[in-house]
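A short worksheet on the structure shown next.
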Amino acid sequence: MPKIIANDDVLVINESSTIITRNKTINLEYQLSDGDYSILILNDYDDKVTLNEKGSISNSSVKIAYLELDRYDLEQNCHIEVNKDSSLQVNTTYLGTGNKKIVFDLFNNEPNSLIDINNNIVCLEDALFELECIGTIRKGAKRSKCHQSSHCLTIDNPRKASVLPVLNIDENDVEASHSLSSGTIDEEILFYMNSRGLNKKEALNLILRSYLMPNDNYYAEFDEGTLIQEMAVRKVDEICSM
């Protein structure tokens, strides 16, 4: 599975890939057809990143995972159309620090298409985080499914933590749902961890690792899976030491 260092302006994605962003502006175009694909997008750029994605899926099963644990600003816009007899599964992991604005605009374009997106978010004190997740089932896309699930954990009263699920349904014979859970760390859990000798930063570190790494099994599909998890732990350590 190729590892791509995204430092050019335009990348065409037509195979399973690990994509590491190391440029201010990244433009991805998905051209995925007649196969099964696994794609991981990992932000490793020490400054603001603008990530633009567009494309289509035809006669394929596609899984895309995002790992965003940088403390820098992010602007992400994703527009993907899923065509007949195809599926798209999206798993996101975002650490909300700085200004992050993300829009997923996903389309069930034709019959028997499936979209499933799961978002895991932690927003810290300085975060200004906005996620808009739009699922559209177009007319004629019969027997299609579009499901959304988002989980947001807030710590120390971030400036803004907004997750907006949207469903636009233009067909009757379909399945669609969205769910959103949001909350803070239970003080009893922190008290228990403190009573076992962990200070607040150490307790926060363990909680962040458990919450932000729900996709461990997914990372195992990639040749770099172990290194990816090690890097994620390092980034959480950096945040908790600040």
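All residue names refer to the structure tokens as shown: chains lettered A, B, ... in order, residues numbered from 1 in each chain, ligands numbered from 1 in order.
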
DSSP strand (DSSP E) residues within stretch 76-216 of chain A, listed as a PyMOL selection string: chain A and resi 76-82+87-96+99-108+114-123+128-137+145-154+160-169+175-184

Keeping only C-alpha atoms, write the selected residues to a file as a short mmCIF file (atom, residue, chain, number, x, y, z; two decimals), in the first residue's frame.
```cif
data_model
loop_
_atom_site.label_atom_id
_atom_site.label_comp_id
_atom_site.auth_asym_id
_atom_site.auth_seq_id
_atom_site.Cartn_x
_atom_site.Cartn_y
_atom_site.Cartn_z
CA GLN A 76 -11.39 20.95 5.31
CA ASN A 77 -14.00 20.61 2.57
CA CYS A 78 -14.96 17.13 1.37
CA HIS A 79 -17.39 16.46 -1.51
CA ILE A 80 -17.80 12.81 -2.53
CA GLU A 81 -20.49 11.18 -4.68
CA VAL A 82 -21.30 7.51 -4.14
CA SER A 87 -20.26 2.06 -0.24
CA LEU A 88 -18.31 4.72 1.61
CA GLN A 89 -17.34 4.35 5.26
CA VAL A 90 -15.71 7.39 6.88
CA ASN A 91 -14.06 7.41 10.32
CA THR A 92 -12.71 10.70 11.65
CA THR A 93 -10.60 11.53 14.70
CA TYR A 94 -10.20 15.25 15.46
CA LEU A 95 -8.44 16.96 18.32
CA GLY A 96 -10.03 20.39 18.56
CA ASN A 99 -9.51 27.06 14.66
CA LYS A 100 -10.85 24.05 12.79
CA LYS A 101 -13.70 24.20 10.28
CA ILE A 102 -14.72 20.96 8.54
CA VAL A 103 -17.50 20.29 6.03
CA PHE A 104 -18.41 16.84 4.74
CA ASP A 105 -20.80 16.98 1.78
CA LEU A 106 -21.58 13.36 0.89
CA PHE A 107 -24.05 12.20 -1.78
CA ASN A 108 -25.94 8.98 -2.34
CA LEU A 114 -24.26 3.27 1.24
CA ILE A 115 -22.68 6.08 3.26
CA ASP A 116 -21.68 5.68 6.91
CA ILE A 117 -19.70 8.41 8.71
CA ASN A 118 -18.47 8.25 12.32
CA ASN A 119 -16.84 11.29 13.96
CA ASN A 120 -14.84 11.29 17.20
CA ILE A 121 -13.90 14.74 18.52
CA VAL A 122 -12.19 16.17 21.59
CA CYS A 123 -12.25 19.97 21.99
CA LEU A 128 -12.93 27.05 17.92
CA PHE A 129 -14.25 23.88 16.28
CA GLU A 130 -16.99 23.60 13.66
CA LEU A 131 -18.04 20.39 11.89
CA GLU A 132 -20.90 20.27 9.41
CA CYS A 133 -21.84 16.81 8.16
CA ILE A 134 -24.26 16.87 5.22
CA GLY A 135 -25.74 13.69 3.77
CA THR A 136 -27.86 13.95 0.62
CA ILE A 137 -29.85 11.11 -0.93
CA LYS A 145 -28.55 4.19 3.12
CA CYS A 146 -26.99 7.25 4.77
CA HIS A 147 -26.03 7.14 8.45
CA GLN A 148 -24.13 9.63 10.61
CA SER A 149 -22.79 9.33 14.15
CA SER A 150 -20.78 11.98 16.04
CA HIS A 151 -19.28 11.97 19.54
CA CYS A 152 -17.82 15.18 20.97
CA LEU A 153 -15.95 15.47 24.28
CA THR A 154 -15.27 18.99 25.60
CA LYS A 160 -16.78 26.88 20.42
CA ALA A 161 -17.57 23.22 19.79
CA SER A 162 -20.23 22.89 17.09
CA VAL A 163 -21.26 19.69 15.33
CA LEU A 164 -24.14 20.05 12.87
CA PRO A 165 -25.62 16.90 11.27
CA VAL A 166 -27.77 17.49 8.17
CA LEU A 167 -29.81 15.04 6.08
CA ASN A 168 -31.37 15.98 2.73
CA ILE A 169 -33.66 13.20 1.53
CA GLU A 175 -32.67 4.48 5.17
CA ALA A 176 -31.18 7.55 6.88
CA SER A 177 -30.21 8.48 10.43
CA HIS A 178 -27.98 10.76 12.47
CA SER A 179 -26.94 10.78 16.11
CA LEU A 180 -24.89 13.21 18.19
CA SER A 181 -23.58 12.91 21.73
CA SER A 182 -21.70 15.70 23.51
CA GLY A 183 -20.41 16.08 27.05
CA THR A 184 -17.52 16.72 29.40
#
```

Distance query A:Asp170 at most 10 Å, only C-alpha atoms, self and fewer than 3 positions along chain excluded, as number ranges by chain: A: 136-142, 167, 173-174

Export of prior selection with C-alpha atoms as a PDB file, in the first residue's frame:
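Wrote part.pdb, looks like this:
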```pdb
ATOM      1  CA  THR A 136     -27.859  13.947   0.617  1.00  0.00           C
ATOM      2  CA  ILE A 137     -29.847  11.106  -0.929  1.00  0.00           C
ATOM      3  CA  ARG A 138     -30.751  12.201  -4.430  1.00  0.00           C
ATOM      4  CA  LYS A 139     -33.990  11.376  -6.181  1.00  0.00           C
ATOM      5  CA  GLY A 140     -33.776   7.994  -7.861  1.00  0.00           C
ATOM      6  CA  ALA A 141     -31.218   6.618  -5.376  1.00  0.00           C
ATOM      7  CA  LYS A 142     -33.605   3.891  -4.209  1.00  0.00           C
ATOM      8  CA  LEU A 167     -29.807  15.036   6.081  1.00  0.00           C
ATOM      9  CA  ASP A 173     -37.312   3.946  -0.416  1.00  0.00           C
ATOM     10  CA  VAL A 174     -34.168   4.665   1.664  1.00  0.00           C
TER      11      VAL A 174
END
```

All helix (DSSP H, G or I) positions in stretch 88-216 of chain A, as a ChimeraX atom specification: /A:187-195,200-212,216

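In this comparison, which uses only C-alpha atoms, the residue of A:Val236, A:Arg196, A:Asp70, A:Met231 approaching A:Tyr211 most closely is A:Val236.
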
Option closest in space to A:Leu124, from A:Ser16, A:Ser60, A:Thr50, A:Thr97 [counting only C-alpha atoms]: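 Nearest to A:Leu124: A:Thr97.
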
Exercise: A:Ser33 partners within 10 Å, only C-alpha atoms, chain neighbours under 3 positions left out, as an NGL selection string: :A and (14-15 or 30 or 36-37 or 56-62 or 83 or 86)

Let me see the file: selected residues, C-alpha atoms, as a PDB file, in the first residue's frame.
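Result saved to selection_38.pdb:
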```
ATOM      1  CA  ASN A  14      -7.089   5.822  -7.485  1.00  0.00           C
ATOM      2  CA  GLU A  15      -5.717   3.135  -5.145  1.00  0.00           C
ATOM      3  CA  TYR A  30     -10.843  10.527  -5.731  1.00  0.00           C
ATOM      4  CA  ASP A  36     -12.051  -2.285  -2.498  1.00  0.00           C
ATOM      5  CA  TYR A  37     -10.034   0.630  -1.166  1.00  0.00           C
ATOM      6  CA  SER A  56     -16.702   9.791  -6.937  1.00  0.00           C
ATOM      7  CA  ILE A  57     -16.971   6.110  -6.080  1.00  0.00           C
ATOM      8  CA  SER A  58     -18.267   3.598  -8.613  1.00  0.00           C
ATOM      9  CA  ASN A  59     -18.852  -0.129  -8.118  1.00  0.00           C
ATOM     10  CA  SER A  60     -16.538  -0.078  -5.101  1.00  0.00           C
ATOM     11  CA  SER A  61     -16.270  -0.373  -1.342  1.00  0.00           C
ATOM     12  CA  VAL A  62     -14.224   2.469   0.143  1.00  0.00           C
ATOM     13  CA  ASN A  83     -22.757   5.767  -7.175  1.00  0.00           C
ATOM     14  CA  SER A  86     -21.022   1.295  -3.884  1.00  0.00           C
TER      15      SER A  86
END
```

For A:Ile19, the nearest of the candidates A:Leu69, A:Leu204, A:Leu40, A:Leu198, counting only C-alpha atoms: A:Leu40

Between atom CA of A:Leu208 and atom CA of A:Ala127 - distance in Å to one decimal: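 That distance, rounded to one decimal, is 15.1 Å.
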
Residue contacts of A:Glu202 (12 Å, only C-alpha atoms) excluding same-chain residues fewer than 5 positions away, as a PyMOL selection string: chain A and resi 190+193-194+196-197+207-209+236-242

Atomic separation - atom CA of A:Arg234 relative to atom CA of A:Ile189, Å: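 Atom-to-atom, atom CA of A:Ile189 to atom CA of A:Arg234, that is 23.4 Å.
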
Residue nearest A:Leu67 - candidates A:Ile155, A:Ile13, A:Ile20, A:Leu28, atoms counted: only C-alpha atoms: A:Ile20
